[in-house]
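Since the structure comes first, as structure tokens, the remarks are kept for the end.
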Amino acid sequence: MSKQIAARTREKWVDDVKVIACILVAVGHFFMSMVQSGILPDSNLHEWFITTIYYFHVPLFFICSGYLYQKYSKVDNVESWHRNVAKKALALGVPYATFTTATWILKKVFSSSINNQIGGLGDTLFLHPTAPYWYLYALFFIFLVTPTFNSVKAVAVGLVVALAAKGLILTGGGYGVYAVSTVLINEIWFVLGMSICAFNVQLKGRKVQGTICGLLFMILSVVVYKAEISGGVIPFTMGLLACVAVILMIAGVERRFGRGMDFLAKYTMPIFLMHTMFAASMRAVLLKLGIGSSVIHVVLGLGISFVGPIVVAWIMKKTKWLEFFLYPNKFVKIRNYQKV
């Protein structure tokens, strides 16, 4: 597919939703680390904010991935499955292994300055992935077990299976192996994204409905937090409501976003992969220099969380071969079955 065709067929709402999700992931991790390190005090506002964004920021990524998978791939037999697995192992495996290893090394070298310790490299890579890279780990296993849909009946079956998987987790089952539990937890979000595409759901022009869902979500998030309700179907229900709100609002106003959103859309992958490393490094340097001002930490830490990955990604692109560790599929082509 040429660059011109790719540009015309890109789903702008998907890019914009991924930008919003990426910002929330980076901001959430940053403020969690600031509280854990004692630079910022813990508070009800902080706890509510973290609880609230965790309902939906990563599910948005899974929904977008599922939508694009259903729209652009065709995986419905053994041969196409083999090709898809090889393609995803490359596209997800290389950045996953690269940045997990880099994070592991940093945490071992600066173990006295970090908030969360880490296990052995083999355990971290294969059994218990660390944040935020567990998303790539989970996504690979979801691709491993999920074919694309070729009929309405297949979509219905996929939704039933995904809901059954979610039900198993909600009732306390399926937690023995991390790779299994992460698929059971997140398969429903991926399949919902696939279903949006398969049913050709019209998302544009529903900004009002999205706004209503968003307001309802915000009100319920405060009620749930104040009532100290957690577990069961509440997180899933809240996440579903929030995802509907974000997607409908973004799709309804996508043309109003300026160049800033388009610029960030080019760097969601680098920001997702590197924000924690840059934020942690900045915090360690400031503390070594004896700078404890929370204002300085917040301004510089948040800034480097976004600017750092963007600059590194730009350098990697200019050097060509380094970009392999971000986007290996640009260098190694594995042809997949595509819809025509």
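Identifiers for the structure tokens are assigned positionally: chains receive A, B, ... in sequence, residues are indexed from 1 per chain, and ligands are indexed from 1 in the order shown.
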Would you return as a PyMOL selection string the members of stretch 54-150 of chain A that DSSP assigns to alpha helix (DSSP H) on this structure's backbone? chain A and resi 54+57-72+78-109+121-126+134-145
Identify which of the residues A:Lys204, A:His46, A:Lys317, A:Lys166 lies closest to A:Val183, counting only C-alpha atoms when measuring atom-to-atom distances.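 Looking at the shortest contact to A:Val183, the residue is A:Lys166.
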Between A:Val285, A:Ala91, A:Ile247, A:Met316, single out the one closest to A:Pro59, counting only C-alpha atoms. A:Ile247
